[in-house]
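Colleague: This is data.txt (compact mmCIF, C-alpha atoms and all ligand atoms).
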# COMPACT_ATOMS: atom_id res chain seq x y z
CA MET X 228 -6.82 10.65 33.76
CA ASN X 229 -5.79 9.20 30.36
CA ARG X 230 -2.21 10.11 29.39
CA GLN X 231 -1.73 10.61 25.67
CA ARG X 232 0.34 7.80 24.16
CA ASN X 233 3.02 8.27 21.51
CA LEU X 234 3.42 6.16 18.38
CA LEU X 235 6.12 6.17 15.71
CA LEU X 236 4.66 5.58 12.24
CA LEU X 237 7.42 4.55 9.83
CA GLY X 238 6.15 4.97 6.27
CA GLY X 239 3.38 7.19 7.62
CA SER X 240 3.67 9.59 4.68
CA GLY X 241 2.78 6.89 2.11
CA PHE X 242 -0.61 5.86 0.72
CA ILE X 243 -1.61 3.48 3.55
CA GLY X 244 0.41 5.36 6.17
CA THR X 245 -1.38 8.67 5.65
CA GLN X 246 -4.79 7.09 6.24
CA LEU X 247 -3.44 5.24 9.26
CA ALA X 248 -1.90 8.41 10.70
CA PHE X 249 -5.29 10.18 10.66
CA THR X 250 -7.13 7.17 12.08
CA LEU X 251 -4.67 6.81 14.97
CA ALA X 252 -4.57 10.55 15.62
CA ASN X 253 -8.39 10.56 15.80
CA ARG X 254 -8.16 7.78 18.38
CA GLY X 255 -5.99 9.99 20.57
CA TRP X 256 -2.50 8.72 19.70
CA ARG X 257 0.23 11.33 19.31
CA VAL X 258 1.65 10.15 15.99
CA THR X 259 5.17 10.92 14.76
CA VAL X 260 5.66 10.58 10.99
CA PRO X 261 9.24 10.80 9.69
CA SER X 262 9.69 11.51 6.00
CA ARG X 263 12.56 12.20 3.62
CA ARG X 264 10.47 14.92 1.99
CA PRO X 265 8.05 16.27 4.62
CA HIS X 266 7.11 19.31 2.46
CA ARG X 267 5.21 16.87 0.17
CA HIS X 268 3.08 15.62 3.05
CA ARG X 269 2.08 18.82 4.79
CA ALA X 270 -1.59 17.75 4.62
CA LEU X 271 -0.80 15.53 7.62
CA LEU X 272 -0.21 18.61 9.72
CA VAL X 273 -3.86 19.62 9.73
CA HIS X 274 -4.28 17.14 12.57
CA PRO X 275 -2.97 18.48 15.87
CA ASN X 276 -2.01 14.95 17.01
CA ILE X 277 0.32 14.36 14.04
CA ARG X 278 3.96 15.45 14.10
CA LEU X 279 5.73 15.41 10.73
CA LEU X 280 9.54 15.40 10.76
CA GLU X 281 12.32 15.33 8.22
CA ALA X 282 14.40 12.21 8.87
CA ASN X 283 16.32 9.53 7.07
CA ILE X 284 15.05 6.48 8.87
CA VAL X 285 17.49 4.08 7.25
CA ASP X 286 20.21 5.78 9.30
CA PRO X 287 20.22 3.69 12.55
CA ALA X 288 21.23 6.63 14.77
CA GLY X 289 18.35 8.75 13.40
CA LEU X 290 15.91 5.89 13.88
CA LYS X 291 17.02 5.32 17.48
CA ALA X 292 16.47 8.99 18.27
CA LEU X 293 12.95 8.80 16.81
CA CYS X 294 12.06 5.81 19.00
CA VAL X 295 12.83 7.56 22.29
CA GLY X 296 9.63 8.37 24.19
CA GLN X 297 7.35 6.25 21.99
CA GLN X 298 5.06 3.56 23.41
CA ALA X 299 4.43 1.78 20.09
CA ALA X 300 5.72 1.67 16.52
CA ILE X 301 4.26 0.63 13.18
CA ASN X 302 6.36 -0.08 10.12
CA LEU X 303 4.98 0.41 6.62
CA VAL X 304 8.22 1.10 4.79
CA GLY X 305 8.40 -0.97 1.65
CA ILE X 306 9.40 -0.77 -2.00
CA LEU X 307 7.97 -2.55 -5.05
CA HIS X 308 11.14 -2.49 -7.12
CA GLU X 309 14.82 -1.98 -6.59
CA ARG X 310 16.56 1.15 -7.81
CA ARG X 311 19.91 -0.37 -6.86
CA LYS X 312 20.69 -4.05 -6.54
CA GLY X 313 20.14 -5.08 -2.93
CA ASP X 314 17.42 -2.51 -2.18
CA PHE X 315 14.88 -5.19 -1.18
CA ARG X 316 17.35 -6.50 1.38
CA ARG X 317 18.23 -2.98 2.54
CA TYR X 318 14.68 -1.60 2.91
CA HIS X 319 12.86 -4.77 3.96
CA VAL X 320 15.25 -7.08 5.85
CA ASP X 321 18.08 -4.84 7.15
CA PHE X 322 15.62 -2.07 7.97
CA ILE X 323 13.41 -4.29 10.10
CA LYS X 324 16.49 -5.48 12.06
CA SER X 325 17.30 -1.86 12.76
CA VAL X 326 13.67 -1.14 13.78
CA VAL X 327 13.66 -4.06 16.21
CA GLU X 328 16.99 -2.99 17.72
CA SER X 329 15.87 0.62 18.10
CA CYS X 330 12.60 -0.45 19.71
CA GLY X 331 14.55 -2.61 22.17
CA GLU X 332 16.89 0.22 23.13
CA ALA X 333 14.09 2.75 23.54
CA GLY X 334 11.90 0.37 25.54
CA ILE X 335 9.10 0.14 22.93
CA ARG X 336 7.23 -3.11 23.56
CA ARG X 337 4.60 -3.03 20.81
CA LEU X 338 5.46 -3.24 17.12
CA LEU X 339 3.10 -3.71 14.16
CA HIS X 340 4.26 -4.32 10.63
CA VAL X 341 2.70 -4.31 7.17
CA SER X 342 4.03 -7.09 4.97
CA ALA X 343 2.37 -8.42 1.80
CA LEU X 344 0.14 -11.35 0.88
CA GLY X 345 2.27 -14.21 -0.42
CA ALA X 346 5.35 -13.05 1.53
CA ASP X 347 7.41 -16.13 2.24
CA GLN X 348 11.14 -16.32 2.81
CA ALA X 349 11.41 -19.78 1.25
CA THR X 350 8.66 -20.05 -1.36
CA GLY X 351 7.87 -16.44 -2.38
CA SER X 352 7.74 -16.23 -6.17
CA SER X 353 9.75 -12.96 -6.35
CA LEU X 354 12.57 -11.20 -4.54
CA TYR X 355 9.96 -8.74 -3.23
CA LEU X 356 7.91 -11.52 -1.62
CA ARG X 357 10.93 -13.43 -0.29
CA SER X 358 12.46 -10.32 1.29
CA LYS X 359 9.08 -9.37 2.81
CA GLY X 360 8.82 -12.93 4.18
CA GLU X 361 12.34 -12.83 5.63
CA ALA X 362 11.60 -9.49 7.33
CA GLU X 363 8.42 -10.91 8.85
CA ASN X 364 10.21 -14.03 10.10
CA LEU X 365 12.87 -11.90 11.74
CA LEU X 366 10.25 -9.77 13.38
CA HIS X 367 8.31 -12.68 14.82
CA THR X 368 11.48 -14.29 16.16
CA PHE X 369 12.35 -11.10 18.03
CA GLY X 370 8.69 -10.86 18.99
CA GLN X 371 9.23 -13.77 21.34
CA ARG X 372 11.93 -11.78 23.14
CA GLY X 373 10.13 -8.94 24.80
CA LEU X 374 8.54 -7.28 21.80
CA ASP X 375 4.85 -7.88 21.10
CA VAL X 376 4.60 -8.13 17.34
CA THR X 377 1.68 -8.32 14.89
CA SER X 378 2.01 -8.36 11.12
CA PHE X 379 -0.48 -7.89 8.27
CA GLN X 380 -0.31 -9.38 4.81
CA PRO X 381 -2.69 -7.45 2.55
CA SER X 382 -3.56 -8.26 -1.04
CA VAL X 383 -3.40 -5.24 -3.34
CA VAL X 384 -4.81 -2.16 -1.58
CA PHE X 385 -7.11 0.39 -3.25
CA GLY X 386 -8.40 3.81 -2.22
CA LYS X 387 -7.82 7.50 -2.76
CA ASP X 388 -4.19 8.07 -3.82
CA ASP X 389 -3.47 4.37 -4.40
CA ASP X 390 -0.85 3.42 -6.94
CA PHE X 391 -2.92 0.62 -8.48
CA ILE X 392 -6.43 1.59 -9.63
CA ASN X 393 -5.37 5.24 -10.04
CA ARG X 394 -2.34 4.27 -12.07
CA PHE X 395 -4.30 2.03 -14.46
CA ALA X 396 -7.18 4.53 -14.69
CA GLY X 397 -4.66 7.31 -15.36
CA ILE X 398 -3.02 5.34 -18.20
CA LEU X 399 -6.20 3.94 -19.73
CA ARG X 400 -8.00 7.25 -20.02
CA TRP X 401 -5.31 8.50 -22.40
CA TYR X 402 -5.36 5.27 -24.40
CA ALA X 403 -7.42 4.23 -27.41
CA GLY X 404 -7.57 0.79 -29.06
CA TYR X 405 -6.02 -2.38 -27.72
CA PHE X 406 -4.18 -2.28 -24.39
CA PRO X 407 -1.58 -5.08 -24.06
CA LEU X 408 -1.97 -6.49 -20.53
CA ALA X 409 0.66 -8.72 -18.93
CA CYS X 410 -0.40 -11.48 -16.53
CA PRO X 411 -4.14 -10.98 -17.27
CA ASP X 412 -5.20 -14.12 -15.37
CA SER X 413 -3.42 -13.30 -12.10
CA LYS X 414 -5.94 -13.36 -9.28
CA LEU X 415 -6.21 -10.58 -6.71
CA ALA X 416 -8.54 -9.82 -3.79
CA PRO X 417 -8.32 -6.01 -3.60
CA VAL X 418 -8.75 -4.63 -0.11
CA TYR X 419 -9.96 -1.13 0.72
CA VAL X 420 -7.41 1.00 2.53
CA GLY X 421 -9.97 2.07 5.15
CA ASP X 422 -10.68 -1.58 6.04
CA LEU X 423 -6.97 -2.41 6.36
CA VAL X 424 -6.27 0.67 8.45
CA ALA X 425 -9.20 -0.12 10.78
CA LYS X 426 -7.80 -3.63 11.36
CA ILE X 427 -4.32 -2.33 12.15
CA ALA X 428 -5.61 0.37 14.49
CA ALA X 429 -7.89 -2.06 16.32
CA SER X 430 -5.12 -4.55 16.95
CA ILE X 431 -2.67 -2.21 18.70
CA ASP X 432 -4.24 -2.80 22.11
CA ASP X 433 -5.61 -6.26 21.35
CA ARG X 434 -3.47 -8.79 23.21
CA ASP X 435 -4.98 -11.63 21.17
CA SER X 436 -3.23 -10.23 18.11
CA TYR X 437 0.26 -10.50 19.65
CA SER X 438 2.55 -12.79 17.62
CA LYS X 439 -0.10 -13.19 14.90
CA ARG X 440 0.25 -12.80 11.14
CA TYR X 441 -3.01 -11.75 9.48
CA THR X 442 -3.82 -12.11 5.82
CA VAL X 443 -6.08 -9.23 4.67
CA CYS X 444 -8.30 -9.52 1.59
CA GLY X 445 -11.29 -7.78 0.09
CA PRO X 446 -14.64 -9.56 -0.41
CA GLU X 447 -14.23 -10.44 -4.12
CA VAL X 448 -11.59 -12.14 -6.23
CA PHE X 449 -10.82 -10.58 -9.63
CA THR X 450 -8.37 -11.36 -12.37
CA LEU X 451 -6.18 -8.44 -13.36
CA GLN X 452 -8.04 -8.33 -16.70
CA GLN X 453 -11.42 -8.11 -14.91
CA ILE X 454 -10.19 -5.17 -12.85
CA LEU X 455 -9.07 -3.26 -15.93
CA GLU X 456 -12.33 -4.08 -17.70
CA LEU X 457 -14.23 -2.73 -14.70
CA ILE X 458 -12.31 0.55 -14.96
CA ILE X 459 -12.85 0.72 -18.73
CA THR X 460 -16.59 0.08 -18.50
CA THR X 461 -17.10 2.49 -15.63
CA LEU X 462 -15.18 5.32 -17.30
CA LYS X 463 -16.71 4.44 -20.72
CA LEU X 464 -13.28 4.39 -22.33
CA PRO X 465 -12.67 3.39 -25.99
CA VAL X 466 -10.19 0.69 -24.94
CA ARG X 467 -10.13 -3.10 -25.23
CA ILE X 468 -7.81 -5.39 -23.35
CA MET X 469 -5.36 -7.50 -25.33
CA PRO X 470 -4.35 -10.25 -22.88
CA LEU X 471 -0.70 -11.26 -23.24
CA GLY X 472 0.55 -14.82 -22.79
CA LYS X 473 3.52 -15.72 -20.57
CA GLY X 474 6.24 -15.05 -23.15
CA MET X 475 4.89 -11.62 -24.16
CA SER X 476 4.23 -10.70 -20.50
CA ARG X 477 7.87 -11.41 -19.70
CA LEU X 478 8.99 -9.42 -22.71
CA GLN X 479 6.86 -6.45 -21.63
CA ALA X 480 8.41 -6.60 -18.14
CA LEU X 481 11.93 -6.78 -19.61
CA VAL X 482 11.29 -3.69 -21.71
CA LEU X 483 9.40 -1.62 -19.12
CA GLN X 484 11.84 -2.29 -16.27
CA ASN X 485 14.52 -0.50 -18.28
CA LEU X 486 12.39 2.59 -18.90
CA PRO X 487 12.12 5.52 -16.46
CA GLY X 488 9.44 5.03 -13.82
CA LYS X 489 9.77 1.20 -13.95
CA LEU X 490 6.06 0.71 -14.62
CA PHE X 491 6.46 -3.07 -14.56
CA THR X 492 9.53 -5.18 -13.75
CA MET X 493 10.52 -8.85 -14.01
CA ASP X 494 10.20 -9.05 -10.23
CA ASN X 495 6.63 -7.66 -10.45
CA TYR X 496 5.98 -10.28 -13.14
CA ARG X 497 7.22 -13.00 -10.78
CA SER X 498 5.06 -11.68 -7.92
CA LEU X 499 2.03 -11.98 -10.20
CA GLN X 500 2.76 -15.68 -10.82
CA THR X 501 1.26 -16.40 -7.37
CA ASP X 502 -2.44 -15.72 -6.86
CA ASN X 503 -2.83 -12.83 -4.40
CA ILE X 504 -5.89 -14.18 -2.58
CA CYS X 505 -6.70 -15.30 0.97
CA MET X 506 -7.20 -18.97 1.75
CA ASP X 507 -8.64 -18.31 5.22
CA GLY X 508 -9.45 -15.48 7.65
CA ASP X 509 -12.23 -12.88 7.66
CA LEU X 510 -12.66 -10.93 4.46
CA CYS X 511 -12.95 -7.14 4.57
CA GLU X 512 -16.26 -5.59 3.57
CA THR X 513 -15.71 -2.84 1.04
CA SER X 514 -15.96 -3.98 -2.55
CA LEU X 515 -13.78 -2.72 -5.36
CA ARG X 516 -16.89 -2.38 -7.55
CA GLN X 517 -18.37 0.20 -5.17
CA TYR X 518 -15.15 2.19 -5.22
CA VAL X 519 -14.70 2.03 -8.98
CA ASN X 520 -18.25 3.33 -9.43
CA GLY X 521 -16.99 6.58 -7.89
CA LEU X 522 -14.17 6.90 -10.42
CA PRO X 523 -16.04 9.04 -12.98
CA ALA X 524 -16.11 11.79 -10.37
CA MET X 525 -12.30 11.66 -10.25
CA PHE X 526 -11.55 10.70 -13.84
CA GLY X 527 -14.75 11.75 -15.64
CA ASN X 528 -14.02 12.06 -19.32
CA LYS X 529 -13.74 15.52 -20.76
CA ARG X 530 -16.79 15.10 -23.00
CA ASN X 531 -19.07 14.50 -19.97
CA TYR X 532 -17.47 17.38 -18.12
CA ASP X 533 -17.87 19.81 -21.04
CA ARG X 534 -21.49 18.75 -21.54
CA PHE X 535 -22.21 19.20 -17.86
CA ARG X 536 -20.76 22.72 -17.93
CA LYS X 537 -22.73 23.61 -21.10
CA ASP X 538 -26.04 22.28 -19.74
CA TYR X 539 -25.42 23.87 -16.39
CA ALA X 540 -24.61 27.25 -17.97
CA GLN X 541 -27.90 27.06 -19.91
CA GLY X 542 -29.80 26.29 -16.72
CA GLY X 543 -30.67 22.72 -17.84
CA ILE X 544 -30.28 19.53 -15.85
CA PRO X 545 -27.49 17.40 -17.32
CA GLU X 546 -28.77 14.08 -18.63
CA GLU X 547 -27.21 10.72 -17.78
CA ASP X 548 -24.84 9.51 -20.49
CA SER X 549 -26.44 6.57 -22.25
N1 LIG W 601 -0.27 -0.45 -1.58
C1 LIG W 601 -0.50 -1.76 -1.74
O1 LIG W 601 -1.30 -2.20 -2.60
C2 LIG W 601 0.19 -2.76 -0.83
C3 LIG W 601 -0.16 -4.12 -0.91
C4 LIG W 601 0.48 -5.03 -0.07
C5 LIG W 601 1.47 -4.60 0.81
N2 LIG W 601 1.80 -3.28 0.85
C6 LIG W 601 2.86 -2.85 1.79
O2 LIG W 601 2.36 -1.82 2.63
C7 LIG W 601 3.38 -0.89 2.94
C8 LIG W 601 2.90 0.53 2.63
O3 LIG W 601 2.53 0.58 1.27
P1 LIG W 601 2.14 1.97 0.57
O4 LIG W 601 1.49 1.64 -0.71
O5 LIG W 601 1.49 2.86 1.54
O6 LIG W 601 3.63 2.53 0.26
P2 LIG W 601 4.07 3.96 -0.30
O7 LIG W 601 2.91 4.83 -0.57
O8 LIG W 601 5.05 3.72 -1.38
O9 LIG W 601 4.86 4.58 0.97
C9 LIG W 601 6.16 4.17 1.28
C10 LIG W 601 6.58 4.87 2.55
O10 LIG W 601 7.89 4.43 2.94
C11 LIG W 601 8.69 5.57 3.24
N3 LIG W 601 10.11 5.38 2.96
C12 LIG W 601 11.11 5.71 3.79
N4 LIG W 601 12.29 5.42 3.29
C13 LIG W 601 12.04 4.92 2.07
C14 LIG W 601 12.89 4.48 1.04
N5 LIG W 601 14.23 4.49 1.17
N6 LIG W 601 12.33 4.07 -0.10
C15 LIG W 601 10.97 4.08 -0.25
N7 LIG W 601 10.11 4.49 0.71
C16 LIG W 601 10.67 4.91 1.86
C17 LIG W 601 8.10 6.68 2.41
O11 LIG W 601 8.39 7.90 3.09
P3 LIG W 601 8.99 9.22 2.39
O12 LIG W 601 9.00 9.01 0.91
O13 LIG W 601 8.06 10.32 2.83
O14 LIG W 601 10.34 9.33 3.00
C18 LIG W 601 6.63 6.38 2.44
O15 LIG W 601 6.04 6.91 3.61
C19 LIG W 601 4.62 -1.30 2.14
O16 LIG W 601 5.47 -2.03 2.98
C20 LIG W 601 4.06 -2.22 1.06
O17 LIG W 601 4.97 -3.21 0.66
C21 LIG W 601 1.20 -2.34 0.05
Will you turn the file into structure tokens for me?
Modeller:
Amino acid sequence: MNRQRNLLLLGGSGFIGTQLAFTLANRGWRVTVPSRRPHRHRALLVHPNIRLLEANIVDPAGLKALCVGQQAAINLVGILHERRKGDFRRYHVDFIKSVVESCGEAGIRRLLHVSALGADQATGSSLYLRSKGEAENLLHTFGQRGLDVTSFQPSVVFGKDDDFINRFAGILRWYAGYFPLACPDSKLAPVYVGDLVAKIAASIDDRDSYSKRYTVCGPEVFTLQQILELIITTLKLPVRIMPLGKGMSRLQALVLQNLPGKLFTMDNYRSLQTDNICMDGDLCETSLRQYVNGLPAMFGNKRNYDRFRKDYAQGGIPEEDS
């Protein structure tokens, strides 16, 4: 008889983590998701194999307690900008040390980790990428001492609830005229969240993936400007992109990083100085174009929506917008 196996999913309440939690739960894992604010993630509880708990995982004692009784762990905790100086070190490097220690003490032998494309302790172009690289190096060193480790380095990830396409679409649909875009020529290979999650889930029991670092990219390379233009064309928005040069891009980052919400920081600017594309490895299948084609359903402009309602109320069939 198959005994149900337990897995600790750190960062399981986030964008990628939520999808991964459902995928693993559907595969029979009993998944524990700790969160600082579990009430915001109650949707996870619809699955009987998912346990959502309130916990502060950066507290080592709390983390150790969570690891007891688990057969595997996956870490997705990560931040894109620092609120306080030293946050990258705290949440990427120090946190992974604590995860590795807790796994060791609790007897967990399998650990998977989501890093980022371009992560490199020595040559990463930003603090984000260097700290992600250092965390990964630490992990793979420990991996040779009784912990089977696999890490994934995705390019930018898109899908329902992402903070990339949704964020730009959300801003652009309230915009008219010229949109000043920093780093317009930065190259990205957007990967669909479902493809990434499938790769992670498949590798848990795959011994060939032990000690490996996988780069994960979508099938097409876009510049940042091309991605925004795709959104604009698909949503039929009255916006044109004004590409900014290096100096103005830096200035935009300097201004925006001091505003609430930190839409764009100098460290983000530095990350975008390295192309976020895969040099080797299998590419994932789902194309960003396919996904963006579905955006009007989520972000359809009000004029289309009003016309649809009017035509529908009059019993007519709404015509395609020309
Ligand atoms: N999304 C992308 O395009 C992309 C691309 C490349 C790499 N990655 C990496 O993939 C991982 C997951 O990304 P994601 O987009 O799913 O992230 P996300 O939506 O921002 O989720 C972050 C998760 O980390 C948890 N967390 C716990 N303590 C935290 C703390 N002190 N500060 C911030 N978060 C904390 C959050 O849980 P609670 O808030 O519930 O406590 C949440 O579940 C990250 O490591 C990221 O660097 C993402």
Colleague: As a PDB file with C-alpha atoms, in the frame of the given file, please: the residues near X:Lys324 (cut-off 8 Å, only C-alpha atoms, same-chain neighbours under 5 positions excluded).
Modeller:
ATOM      1  CA  ALA X 362      11.600  -9.490   7.330  1.00  0.00           C
ATOM      2  CA  LEU X 365      12.870 -11.900  11.740  1.00  0.00           C
ATOM      3  CA  LEU X 366      10.250  -9.770  13.380  1.00  0.00           C
TER       4      LEU X 366
END
Colleague: Quick one: residues within 7 Å of (0.7, -14.1, 11.8) (file frame), counting only C-alpha atoms, please, as a VMD selection string.
Modeller: chain X and resid 377 to 378 438 to 441
Colleague: If we count all atoms listed in the file, what is near stretch 290-304 of chain X at a cut-off of 6 Å, once residues fewer than 3 positions away on the same chain are taken out, given as a list of chain:residue names?
Modeller: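 With the cut-off at 6 Å, the set is X:Asn233, X:Leu234, X:Leu235, X:Leu236, X:Leu237, X:Gly238, X:Ile284, X:Pro287, X:Ser329, X:Ala333, X:Ile335, X:Arg337, X:Leu338, X:Leu339, X:His340, X:Val341.
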Colleague: Could the residues of chain X that have an atom at most 9 Å from ligand LIG 601 (chain W) be listed as CSV, each with its closest atom pair and the distance in Å to one decimal, counting all atoms listed in the file and ordered by chain and ascending residue number?
Modeller:
residue,atom,partner,partner_atom,distance
X:Leu236,CA,W:LIG601,O15,8.8
X:Leu237,CA,W:LIG601,C11,6.8
X:Gly238,CA,W:LIG601,O15,3.3
X:Gly239,CA,W:LIG601,O15,4.8
X:Ser240,CA,W:LIG601,O15,3.7
X:Gly241,CA,W:LIG601,O9,3.3
X:Phe242,CA,W:LIG601,O5,3.8
X:Ile243,CA,W:LIG601,O5,3.7
X:Gly244,CA,W:LIG601,O5,5.4
X:Thr245,CA,W:LIG601,O5,7.7
X:Gln246,CA,W:LIG601,O5,8.9
X:Val260,CA,W:LIG601,O15,8.3
X:Pro261,CA,W:LIG601,O14,6.9
X:Ser262,CA,W:LIG601,O13,3.8
X:Arg263,CA,W:LIG601,O14,3.7
X:Arg264,CA,W:LIG601,O13,5.3
X:Pro265,CA,W:LIG601,O13,6.2
X:Arg267,CA,W:LIG601,O13,7.6
X:His268,CA,W:LIG601,O13,7.3
X:Glu281,CA,W:LIG601,O14,8.2
X:Ala282,CA,W:LIG601,O14,7.7
X:Asn283,CA,W:LIG601,N4,6.9
X:Ile284,CA,W:LIG601,N4,6.3
X:Val285,CA,W:LIG601,N4,6.7
X:Asn302,CA,W:LIG601,O16,7.5
X:Leu303,CA,W:LIG601,C7,4.2
X:Val304,CA,W:LIG601,O10,3.8
X:Gly305,CA,W:LIG601,O16,3.4
X:Ile306,CA,W:LIG601,C15,5.4
X:Leu307,CA,W:LIG601,O17,6.5
X:Asp314,CA,W:LIG601,N5,8.4
X:Arg317,CA,W:LIG601,N5,8.6
X:Tyr318,CA,W:LIG601,N5,6.3
X:His319,CA,W:LIG601,O16,7.9
X:His340,CA,W:LIG601,O16,8.1
X:Val341,CA,W:LIG601,O2,5.2
X:Ser342,CA,W:LIG601,C6,5.4
X:Ala343,CA,W:LIG601,C5,4.0
X:Leu344,CA,W:LIG601,C4,6.4
X:Tyr355,CA,W:LIG601,O17,8.4
X:Lys359,CA,W:LIG601,O17,7.7
X:Phe379,CA,W:LIG601,C5,8.4
X:Gln380,CA,W:LIG601,C5,6.5
X:Pro381,CA,W:LIG601,C4,4.8
X:Ser382,CA,W:LIG601,C4,5.3
X:Val383,CA,W:LIG601,O1,3.8
X:Val384,CA,W:LIG601,O1,3.7
X:Phe385,CA,W:LIG601,O1,6.4
X:Asp388,CA,W:LIG601,O7,8.5
X:Asp389,CA,W:LIG601,N1,6.4
X:Asp390,CA,W:LIG601,N1,6.6
X:Phe391,CA,W:LIG601,O1,6.7
X:Pro417,CA,W:LIG601,O1,8.0
X:Val418,CA,W:LIG601,O1,8.2
X:Val420,CA,W:LIG601,N1,8.4
Colleague: What are the closest atom pairs, with distances in Å to one decimal, for all residues of stretch 332-428 of chain X lying within 9 Å of stretch 475-492 of chain X? Consider only C-alpha atoms, order rows by chain and residue number, and present the result as CSV.
Modeller:
residue,atom,partner,partner_atom,distance
X:Pro407,CA,X:Ser476,CA,8.8
X:Leu408,CA,X:Ser476,CA,7.5
X:Ala409,CA,X:Ser476,CA,4.4
X:Cys410,CA,X:Ser476,CA,6.1
X:Pro411,CA,X:Ser476,CA,9.0
Colleague: Which is closest to X:Tyr402 among X:Leu464, X:Val376, X:Ala248, X:Ala425, if we use all atoms listed in the file?
Modeller: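 Among the listed residues, X:Leu464 lies closest to X:Tyr402.
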Colleague: For a test of reading the model, state the distance in Å between atom CA of X:Glu363 and atom CA of X:Lys414, rounded to one decimal.
Modeller: 23.3 Å
Colleague: Please report the interatomic distance between atom CA of X:Arg336 and atom CA of X:Arg269 in Å with one decimal.
Modeller: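 Those two atoms sit 29.3 Å apart.
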Colleague: Of the candidates X:Cys444, X:Met525, X:Val326, X:Ala403, which shows the shortest atom-to-atom distance to X:Leu510, using all atoms listed in the file?
Modeller: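 Counting all atoms listed in the file, the residue closest to X:Leu510 is X:Cys444.
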Colleague: What does the structure give for the distance between atom CA of X:Ser358 and atom CA of X:Thr442, in Å to one decimal?
Modeller: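 Atom CA of X:Ser358 sits 17.0 Å away from atom CA of X:Thr442.
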Colleague: Would you mind telling me which residue in X:Cys330, X:Leu247, X:Leu522, X:Leu280 lies nearest to X:Lys387 when using only C-alpha atoms?
Modeller: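 Using only C-alpha atoms, X:Lys387 sits closest to X:Leu522.
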Colleague: Around the point (-2.9, 19.8, 12.9) (coordinates from the file), which residues reach within 12 Å if we count only C-alpha atoms? Answer as a VMD selection string.
Modeller: chain X and resid 248 to 249 252 to 253 257 to 258 269 to 279
Colleague: Taking into account all atoms listed in the file, which residue in the set X:Val466, X:Met493, X:Met506, X:Ile323 is nearest to X:Ser352?
Modeller: X:Met493
Colleague: Taking all atoms listed in the file into account, name the residue in X:Gly351, X:Arg232, X:Leu415, X:Asp321 that is nearest to X:Leu251.
Modeller: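 With all atoms listed in the file as the atom set, the closest residue is X:Arg232.
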Colleague: Nearest to X:Val519: which of X:Ile458, X:Leu499, X:Met469, X:Leu356 is it, counting only C-alpha atoms?
Modeller: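 For X:Val519, the nearest of the given residues is X:Ile458.
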Colleague: Excluding X:Leu457 and its own-chain neighbours fewer than 3 positions away, which residues fall within 12 Å of it when counting all atoms listed in the file? Please give them as an MDAnalysis selection string.
Modeller: chainID X and resid 392 395:396 399 449:454 460:464 466:468 515:522
Colleague: For the selection you just gave me, I'd like the residues written to a file as a short mmCIF file (atom, residue, chain, number, x, y, z; two decimals), in the coordinates of the input, keeping C-alpha atoms.
Modeller:
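Final output, saved to result_37.cif:
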data_model
loop_
_atom_site.label_atom_id
_atom_site.label_comp_id
_atom_site.auth_asym_id
_atom_site.auth_seq_id
_atom_site.Cartn_x
_atom_site.Cartn_y
_atom_site.Cartn_z
CA ILE X 392 -6.43 1.59 -9.63
CA PHE X 395 -4.30 2.03 -14.46
CA ALA X 396 -7.18 4.53 -14.69
CA LEU X 399 -6.20 3.94 -19.73
CA PHE X 449 -10.82 -10.58 -9.63
CA THR X 450 -8.37 -11.36 -12.37
CA LEU X 451 -6.18 -8.44 -13.36
CA GLN X 452 -8.04 -8.33 -16.70
CA GLN X 453 -11.42 -8.11 -14.91
CA ILE X 454 -10.19 -5.17 -12.85
CA THR X 460 -16.59 0.08 -18.50
CA THR X 461 -17.10 2.49 -15.63
CA LEU X 462 -15.18 5.32 -17.30
CA LYS X 463 -16.71 4.44 -20.72
CA LEU X 464 -13.28 4.39 -22.33
CA VAL X 466 -10.19 0.69 -24.94
CA ARG X 467 -10.13 -3.10 -25.23
CA ILE X 468 -7.81 -5.39 -23.35
CA LEU X 515 -13.78 -2.72 -5.36
CA ARG X 516 -16.89 -2.38 -7.55
CA GLN X 517 -18.37 0.20 -5.17
CA TYR X 518 -15.15 2.19 -5.22
CA VAL X 519 -14.70 2.03 -8.98
CA ASN X 520 -18.25 3.33 -9.43
CA GLY X 521 -16.99 6.58 -7.89
CA LEU X 522 -14.17 6.90 -10.42
#
